[in-house]
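Visitor: One structure follows; several queries about it will come next.
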Amino acid sequence: MKQSELARRMGVSEKYVIDLLGGNAPLSSETALRLERVLNVPARLWTNLELGYRDFLAREKEAMSLKKSISWSRRFPLREMAKLGWLERARDQLTNTHRLLTYFGCASEEQWHSVFNQTKVVYRHSAVQESDHFALMAWLRRGAIEAHDLELPRHEANLWSNALITIRRNISSDPDQFSRLMIGECTKAGVGLIFLPSLPKMAVSGACVWINKNPCIFLSLRYKTDDHLWFSFFHEAKHVFQNVRKRLFVDEPRQAVRDPLEIEANRYAADTLIPEEAYKKFVAARYFDEASIKAFAREHHLTAGVIVGRLQHDNCVPWPTHLNSLKMHYRWKTG
């Protein structure tokens, strides 16, 4: 059948038939029904062929777009993310780029920059290192994914105060014991607590993020010693009290020290762990051996490592010291 004859039988223009056969005009449901009557081929066959063809064209177009984003996807620690089970790593870069965009819930690299370069988060840098931006965004995204699965009640400030008192009273050397207690107490107060493995080139100890109407604390487990863990937790706990929902802290370490909210959080963490007056008396004695540190720790229901870490921070004892043996090195079970 000639194209002109097909056009007459269908009741459409010959140009439309030419465009239709060339794949340049979409095949509508009405056209599929006309083809069914003219050619005695079911309309659903024409419709399915059209859907398959348009899907093919869309994927071809997407492949061209993904090729432009391969250099972007290579900036993420995909190997480590795959080891943690955060995404499945493929051999080809196009698939990896597609899976990375799916991981972030973004249609394209452009949308990723629009969303994740404006992530609303408060976090504390290491004093000596700055985090890689892409590793940090991947880590924060994982925390958000896990936080969305939490069933949290409405956040209450008074319940949060009570939760922190209970957690502070139960600091111990057993991560299985205190992590369950911490998560349980935080949940009662409507605060999500997630222990999250760190990624390479990350210098972040913890983060406080508001997801919907609930604050969530992510602890990176970058440092596996008790002094870093407990200080990071109470530092982020203060950010919950500060109720900063729309502020992003991505400052250089020098700038973070000057930020009043960071200074306030640092002071809160230090004084919550070790009462100020008691600490001043202990430091004034200038006697920092293992026995005195252990005794001071027992008196204040702390691990000795927390005391050592504070003394090192305040330059009372050097960082390289035999007292580091008092610090607890936690072993975390991660995915």
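Please note that chains go A, B, ... in the order of the structure tokens, that every chain numbers its residues from 1, and that ligands are numbered from 1 in the order shown.
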Taking the chain letters and numbering used in this document, name the residues of region 5-86 of chain A that DSSP puts in helix (DSSP H, G or I), as a VMD selection string.

Guide: chain A and resid 5 to 10 14 to 21 29 to 39 43 to 68 70 to 73 78 to 83

Visitor: Could you write out, as a list in words, all the residues of region 185-237 of chain A that DSSP marks as strand (DSSP E or B)?

Guide: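 Taking region 185-237 of chain A and keeping strand (DSSP E or B) gives Gly192, Leu193, Ile194, Phe195, Val204, Ser205, Gly206, Ala207, Cys208, Val209, Trp210, Ile211, Asn214, Pro215, Cys216, Ile217, Phe218, Leu219 and Thr225 of chain A.
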
Visitor: Could you give me, as a list in words, the residues within 9 Å of Met81 (chain A), counting only C-alpha atoms and dropping anything in the same chain fewer than 5 positions from it?

Guide: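 Listed by chain and then number, they are Phe76, Trp86, Leu87, Glu88, Arg89, Ala138, Trp139 and Leu199 of chain A.
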
Visitor: Select, from A:Ile70, A:Leu196, A:Ala82, A:Leu6, the residue with the minimum atom-to-atom distance to Arg37 (chain A), counting only C-alpha atoms.

Guide: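 Answer, going by the shortest atom-to-atom distance: A:Leu6.
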
Visitor: Find the residues near region 269-286 of chain A: any atom within 8 Å, counting only C-alpha atoms, skip ones fewer than 4 places away on the same chain, and give them as a PyMOL selection string.

Guide: chain A and resi 168+230-235+238+265+296+300+302+310+316

Visitor: Please, could you write that set of residues out with C-alpha atoms as a tab-separated table (two decimals), in the first residue's frame?

Guide:
```tsv
chain	number	residue	atom	x	y	z
A	168	ARG	CA	25.27	10.94	80.20
A	230	TRP	CA	31.20	11.28	73.25
A	231	PHE	CA	32.32	14.82	72.52
A	232	SER	CA	30.85	14.62	69.01
A	233	PHE	CA	27.52	13.33	70.30
A	234	PHE	CA	27.03	16.04	72.91
A	235	HIS	CA	28.28	18.68	70.47
A	238	LYS	CA	23.51	21.09	71.51
A	265	ALA	CA	28.18	23.57	71.15
A	296	PHE	CA	38.73	11.08	88.33
A	300	HIS	CA	32.33	11.41	87.28
A	302	LEU	CA	33.22	8.56	82.57
A	310	ARG	CA	40.19	16.68	77.20
A	316	CYS	CA	47.80	19.68	79.57
```

Visitor: I'd like the interatomic distance between CA of Gly23 (chain A) and CA of Ser65 (chain A), to a tenth of an Å.

Guide: 21.6 Å

Visitor: Closest to Met10 (chain A) among A:Glu36, A:Glu130, A:Glu185, A:Glu80, using only C-alpha atoms?

Guide: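 Using only C-alpha atoms, Met10 (chain A) sits closest to A:Glu36.
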
Visitor: Could you pull the residues within 8 Å of region 170-172 of chain A, counting only C-alpha atoms, minus those fewer than 5 positions along the same chain, as a VMD selection string?

Guide: chain A and resid 177 to 178 301 to 303

Visitor: May I ask for the distance between CA of Leu311 (chain A) and CA of Gln242 (chain A), given in Å to one decimal place?

Guide: 27.1 Å

Visitor: Give me, as a list in words, all polymer residues having an atom no more than 12 Å from Asp149 (chain A), counting only C-alpha atoms and skipping those fewer than 6 positions away in the same chain.

Guide: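 Counting only C-alpha atoms, the residues come to Arg142, Gly143, Gly192, Leu193, Ile194, Ile211 and Cys216 of chain A.
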
Visitor: Tell me which of A:Ala295, A:Cys186, A:Ala7, A:Leu100 sits closest to Asn214 (chain A), counting only C-alpha atoms.

Guide: A:Cys186

Visitor: Tell me which of A:Leu57, A:Val38, A:Met328, A:Ala207 sits closest to Asn24 (chain A), counting only C-alpha atoms.

Guide: A:Leu57

Visitor: Show me, as number ranges by chain, the residues that have an atom within 10 Å of region 30-32 of chain A when counting only C-alpha atoms, minus same-chain residues fewer than 4 positions from it.

Guide: A: 10-12, 20, 26, 36-38, 41-48, 50

Visitor: Selection from above, N, CA and C atoms, as a PDB file, in the first residue's frame, can you write it?

Guide:
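And here's result.pdb as it stands now:
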```
ATOM      1  N   MET A  10      -6.890   6.128   6.384  1.00  0.00           N
ATOM      2  CA  MET A  10      -6.872   6.511   7.807  1.00  0.00           C
ATOM      3  C   MET A  10      -7.566   7.849   8.046  1.00  0.00           C
ATOM      4  N   GLY A  11      -7.699   8.643   6.998  1.00  0.00           N
ATOM      5  CA  GLY A  11      -8.311   9.957   7.168  1.00  0.00           C
ATOM      6  C   GLY A  11      -7.336  10.970   7.752  1.00  0.00           C
ATOM      7  N   VAL A  12      -6.047  10.869   7.391  1.00  0.00           N
ATOM      8  CA  VAL A  12      -5.029  11.806   7.855  1.00  0.00           C
ATOM      9  C   VAL A  12      -4.250  12.311   6.651  1.00  0.00           C
ATOM     10  N   LEU A  20       5.030   9.682  10.567  1.00  0.00           N
ATOM     11  CA  LEU A  20       4.747   8.549  11.446  1.00  0.00           C
ATOM     12  C   LEU A  20       5.665   7.377  11.113  1.00  0.00           C
ATOM     13  N   PRO A  26       4.578  11.218  16.957  1.00  0.00           N
ATOM     14  CA  PRO A  26       4.126  10.231  17.950  1.00  0.00           C
ATOM     15  C   PRO A  26       2.857   9.526  17.487  1.00  0.00           C
ATOM     16  N   GLU A  36      -5.657  -0.190  13.407  1.00  0.00           N
ATOM     17  CA  GLU A  36      -6.295  -1.482  13.665  1.00  0.00           C
ATOM     18  C   GLU A  36      -7.378  -1.767  12.633  1.00  0.00           C
ATOM     19  N   ARG A  37      -8.205  -0.750  12.326  1.00  0.00           N
ATOM     20  CA  ARG A  37      -9.301  -0.951  11.369  1.00  0.00           C
ATOM     21  C   ARG A  37      -8.786  -1.055   9.927  1.00  0.00           C
ATOM     22  N   VAL A  38      -7.750  -0.258   9.602  1.00  0.00           N
ATOM     23  CA  VAL A  38      -7.255  -0.256   8.224  1.00  0.00           C
ATOM     24  C   VAL A  38      -6.419  -1.497   7.911  1.00  0.00           C
ATOM     25  N   VAL A  41      -4.614  -5.029  12.446  1.00  0.00           N
ATOM     26  CA  VAL A  41      -3.592  -5.336  13.454  1.00  0.00           C
ATOM     27  C   VAL A  41      -4.025  -4.661  14.752  1.00  0.00           C
ATOM     28  N   PRO A  42      -4.109  -5.400  15.889  1.00  0.00           N
ATOM     29  CA  PRO A  42      -4.646  -4.835  17.128  1.00  0.00           C
ATOM     30  C   PRO A  42      -3.978  -3.511  17.520  1.00  0.00           C
ATOM     31  N   ALA A  43      -4.773  -2.594  18.035  1.00  0.00           N
ATOM     32  CA  ALA A  43      -4.274  -1.270  18.435  1.00  0.00           C
ATOM     33  C   ALA A  43      -3.211  -1.385  19.527  1.00  0.00           C
ATOM     34  N   ARG A  44      -3.376  -2.381  20.425  1.00  0.00           N
ATOM     35  CA  ARG A  44      -2.423  -2.517  21.529  1.00  0.00           C
ATOM     36  C   ARG A  44      -1.014  -2.813  21.029  1.00  0.00           C
ATOM     37  N   LEU A  45      -0.908  -3.514  19.868  1.00  0.00           N
ATOM     38  CA  LEU A  45       0.405  -3.801  19.302  1.00  0.00           C
ATOM     39  C   LEU A  45       1.090  -2.504  18.868  1.00  0.00           C
ATOM     40  N   TRP A  46       0.312  -1.643  18.167  1.00  0.00           N
ATOM     41  CA  TRP A  46       0.867  -0.359  17.739  1.00  0.00           C
ATOM     42  C   TRP A  46       1.246   0.510  18.944  1.00  0.00           C
ATOM     43  N   THR A  47       0.389   0.489  19.948  1.00  0.00           N
ATOM     44  CA  THR A  47       0.656   1.297  21.151  1.00  0.00           C
ATOM     45  C   THR A  47       1.919   0.821  21.866  1.00  0.00           C
ATOM     46  N   ASN A  48       2.081  -0.511  21.997  1.00  0.00           N
ATOM     47  CA  ASN A  48       3.268  -1.052  22.662  1.00  0.00           C
ATOM     48  C   ASN A  48       4.541  -0.757  21.871  1.00  0.00           C
ATOM     49  N   GLU A  50       4.993   1.813  19.962  1.00  0.00           N
ATOM     50  CA  GLU A  50       5.254   3.247  20.164  1.00  0.00           C
ATOM     51  C   GLU A  50       5.919   3.499  21.515  1.00  0.00           C
TER      52      GLU A  50
END
```

Visitor: Could you tell me how far CA of Gly190 (chain A) sits from CA of Ala163 (chain A), in Å to one decimal place?

Guide: 10.2 Å
